[in-house]
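Peer 1: Just dropping this structure here.
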Amino acid sequence: MASVRDIFFNSIYEQIQRGEDYYIVTSDLGAPSLDDLRKFYPERFISVGIAEQSLISISAGLTMAGHKVIAYGLNPFPVTRAYDQIKSVVAGLNVPLTICGLNAGLCSAESGYTHIPAEDFGMLRMLPNIDIYNPTDCTVSRLLADTTAFIKHPRFIRFDKKLGEKIYEKEEIEIEKGFSVYGPENVEITVVTLGIFVPGMRLLANEFGESIKVIDIFKMKPGIPELVKALRNSKTIVTLEENMLEGGLGSFILEVLSDSNLTIPTHRLGVRFMPYRVFANRDYIQKDQGIDIVSVRKFLLGLIENKSFA
Amino acid sequence: MKNSKECLNEKAYQYRKRFLEIFTRLGFGHLTSAFSWAEVATVLFHEFYVKGTDHLFVSKGHGIGILFPIFEELGFFTESQVDDMIRIGGSNEEIKKLVIPGFDFYGGSLGIGIGMAAGYAKGEKLSGKKSRVYCVVGDAECYEGAVWEALNFAGFQKLDNLIVLVDRNQLGCSDFTEHMLALEPLDKKWSAFNWDVQVIDGHNVEDIYNAVKIAIEKKNGMPQCIIANTVKGKGLDYVTGRPLMHGYVPQGTDIDKAFNELQFFGCK
């Protein structure tokens with residue numbers, strides 16, 4: 001299975017072959033999907049070394065000089081190390097640069113605490129102009145690549161290396177709207193989640209029949225009126241993410257509900273405390289934080305059996 | 001030179017004076033950072049800058065104030081537009097929209113503009129354009145690691161269309177650079193990153209002219225650095241040579257004092 005990252009870059013490569021003026025600027029990160037680009041269009045692959053601040057400011061300069069630029073680095077560093085560059089220039093001046101980060105949530109957690117981008121959503125969603133994407137499958141990733149040449153605002157796309165399998169048909173996805181709904185309109189529980197959780201939650205929705213629907217937020221921030229409409233007919237909401245809970249998806253949903261005068265009981269599942277003193281991987285941390293599929297199923301069953309939302 | 005030495009000195013004096021008018025009315029600004037590169041800015045815009053072709057990145061954003069009087073004279077803005085812009089509640093959209101020909105970035109936070117300038121210079125080369133990309137960097141800005149990341153990139157990429165002027169006024173906010181953390185030998189450090197370096201008197205308009213001319217004419221595959229030795233706050237004796245004057249703009253009785261004591265120090 002090609003990952004969402006490789007699907008994205010394969011599409012960008014095809015566009016370059018058709019004459020599109022892309023430059024990939026990287027802070028010492030490659031990809032199988034970039035090998036041909038490096039071989040046949042070496043001038044379009046520009047390395048700045050392991051220097052994320054430089055990655056963002058040089059990419060911004062290249063973009064301002066009229067080129068279509070994708071800055072590509074190992075997440076979280078393009079965000080956390082170069083946050084000031086993104087804030088002051090890319091977001092602040094609305095430079096239409098695409099920033100791609102390999103790693104979403106806990107997908108590379110075995111590399112250690114420093115390599116877990118659990119704060120990137122929270123950090124970036126405070127900034128103006130920038131759209132944040134977490135492609136769920138090959139369809140979303142391909143659509144993001146297809147629209148990259150036409151962006152008017154900066155984008156941050158983070159790739160989960162475990163994702164790539166097809167979930168959506170092209171017709172089901174509206175990139176700008178930013179989310180997809182699976183399940184009936186009126187439900188007892190709406191699970192609002194993203195990325196790696198989506199396939200599992202859809203399976204649980206099938207198991208629990210008509211009582212659950214799943215909203216996949218693949219873009220922060222999605223279209224708010226449409227999202228409010230999708231949330232409105234739920235008795236309770238469960239948010240599920242691999243981000244730190246402070247500032248993450250759950251916080252975002254609570255803000256949307258509050259701003260829309262909607263009072264719906266909401267439970268936030270995510271990373272409350274990053275276990276940084278143990279050797280851990282995604283499975284370990286998910287279990288530790290109660291966000292693995294078994295724990296989430298138990299939690300949802302508890303809500304249904306106790307009718308705690310009634 | 002298109003303009004005489006006397007003419008350029010007179011312009012720099014008038015720009016400082018107009019800066020005082022604009023920013024004492026606002027009640028906020030960075031006089032010392034603006035005054036230290038007044039001659040550099042004057043020579044750059046009146047002798048070399050090609051409107052619509054060349055580009056300027058003011059990486060030391062606090063020094064931007066000296067450009068407003070220059071832009072008025074060059075016709076980028078009228079005086080009334082500047083007056084309307086530089087006030088609390090005034091719009092900076094015209095700058096932020098990047099619509100001023102060649103004026104790409106107005107600075108801050110420190111260490112970013114030079115990276116953008118390097119990226120822009122690379123972009124211009126990739127497009128086959130013959131433009132020049134100028135960048136003004138503060139000396140204390142060189143404490144930022146991002147500056148050296150950009151230097152490394154520009155040296156390796158042989159960006160000889162990039163000309164950086166370092167405003168070497170010896171002062172950061174709180175202290176002299178050589179007291180708090182020595183930057184010297186600054187020229188050797190830039191050279192070590194494969195830059196062609198000149199060191200000049202940054203208030204001598206002839207020196208500035210000659211250095212920029214050399215930098216433009218040298219096509220040696222190296223980005224060009226001109227370290228301009230300057231005095232922070234040059235033109236107002238009572239603010240020069242003093243730490244903690246970084247965010248100074250005259251207020252109250254200091255306003256008359258500043259106008260009265262503003263010096264013309266070039267040759268008439």
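Convention: chains lettered A, B, ... in structure tokens order; per-chain residue numbering from 1; ligands numbered from 1 as shown.
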Excluding same-chain residues fewer than 2 positions from B:Leu56, what lies within 6 Å of it counting only C-alpha atoms, as an NGL selection string?

Peer 2: :B and (103 or 133-135)

Peer 1: Which residues, written as a list in words, have at least one atom at most 12 Å from B:Gln81, with only C-alpha atoms counted and residues fewer than 5 positions away on the same chain left out?

Peer 2: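 Once the adjacent positions are removed, what remains is Ile22, Phe68, Pro69, Phe71, Glu72, Gly75, Phe76, Ile86, Arg87, Gly90, Ser91, Asn92, Glu93, Glu94 and Ile95 of chain B.
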
Peer 1: Could you list, as a list in words, the residues of chain B having an atom within 6 Å of chain A when counting only C-alpha atoms?

Peer 2: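 Every residue meeting the condition is included here: Gly115, Met116, Gly119, Tyr120, Gly123 and Glu149 of chain B.
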
Peer 1: Save out the residues we just selected, N, CA and C atoms, as a tab-separated table (two decimals), in the first residue's frame.

Peer 2:
chain	number	residue	atom	x	y	z
B	115	GLY	N	16.62	34.68	5.28
B	115	GLY	CA	16.26	33.39	4.69
B	115	GLY	C	15.31	33.58	3.53
B	116	MET	N	14.35	34.48	3.70
B	116	MET	CA	13.40	34.77	2.61
B	116	MET	C	14.13	35.37	1.41
B	119	GLY	N	15.87	32.65	-0.39
B	119	GLY	CA	14.89	31.89	-1.18
B	119	GLY	C	14.46	32.66	-2.40
B	120	TYR	N	14.25	33.97	-2.22
B	120	TYR	CA	13.82	34.81	-3.35
B	120	TYR	C	14.92	34.87	-4.41
B	123	GLY	N	14.95	31.81	-6.29
B	123	GLY	CA	13.79	31.79	-7.19
B	123	GLY	C	14.02	32.63	-8.43
B	149	GLU	N	21.88	29.69	9.10
B	149	GLU	CA	21.28	28.68	8.22
B	149	GLU	C	21.13	29.26	6.81

Peer 1: Show me, as a PyMOL selection string, the residues that have an atom within 7 Å of B:Leu165 when counting only C-alpha atoms, minus same-chain residues fewer than 3 positions from it.

Peer 2: chain B and resi 135-137+225-228

Peer 1: Print the selection's residues with C-alpha atoms to a file, as a tab-separated table (two decimals), in the first residue's frame.

Peer 2:
chain	number	residue	atom	x	y	z
B	135	CYS	CA	18.72	42.44	2.25
B	136	VAL	CA	19.49	44.54	5.31
B	137	VAL	CA	20.48	42.60	8.40
B	225	CYS	CA	28.06	40.86	2.10
B	226	ILE	CA	28.80	44.46	2.96
B	227	ILE	CA	29.43	45.06	6.64
B	228	ALA	CA	28.58	48.71	7.15

Peer 1: Looking only at strand (DSSP E) from DSSP on the backbone, list the matching residues of stretch 46-242 of chain B as an NGL selection string.

Peer 2: :B and (55-58 or 103-105 or 133-138 or 162-168 or 196-201 or 224-229)

Peer 1: What lies within 7 Å of stretch 143-151 of chain A using only C-alpha atoms, ignoring chain neighbours under 6 positions off, as a list of chain:residue names?

Peer 2: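 The filter keeps A:Phe8, A:Ser11, A:Ile12, A:Lys68, A:Pro96.
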
Peer 1: Next, dump the selected residues to file, keeping only N, CA and C atoms, as a compact mmCIF listing (two decimals), in the first residue's frame.

Peer 2:
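Written file, again07.txt:
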# COMPACT_ATOMS: atom_id res chain seq x y z
N PHE A 8 0.55 11.49 -2.44
CA PHE A 8 0.63 12.94 -2.66
C PHE A 8 1.79 13.29 -3.58
N SER A 11 1.58 12.19 -7.22
CA SER A 11 0.72 13.08 -8.01
C SER A 11 1.46 14.38 -8.36
N ILE A 12 2.20 14.90 -7.39
CA ILE A 12 2.97 16.12 -7.67
C ILE A 12 3.99 15.84 -8.78
N LYS A 68 5.81 27.57 -7.37
CA LYS A 68 4.95 26.73 -6.54
C LYS A 68 5.85 25.83 -5.70
N PRO A 96 1.21 31.68 -0.20
CA PRO A 96 0.59 30.40 -0.60
C PRO A 96 1.61 29.27 -0.74
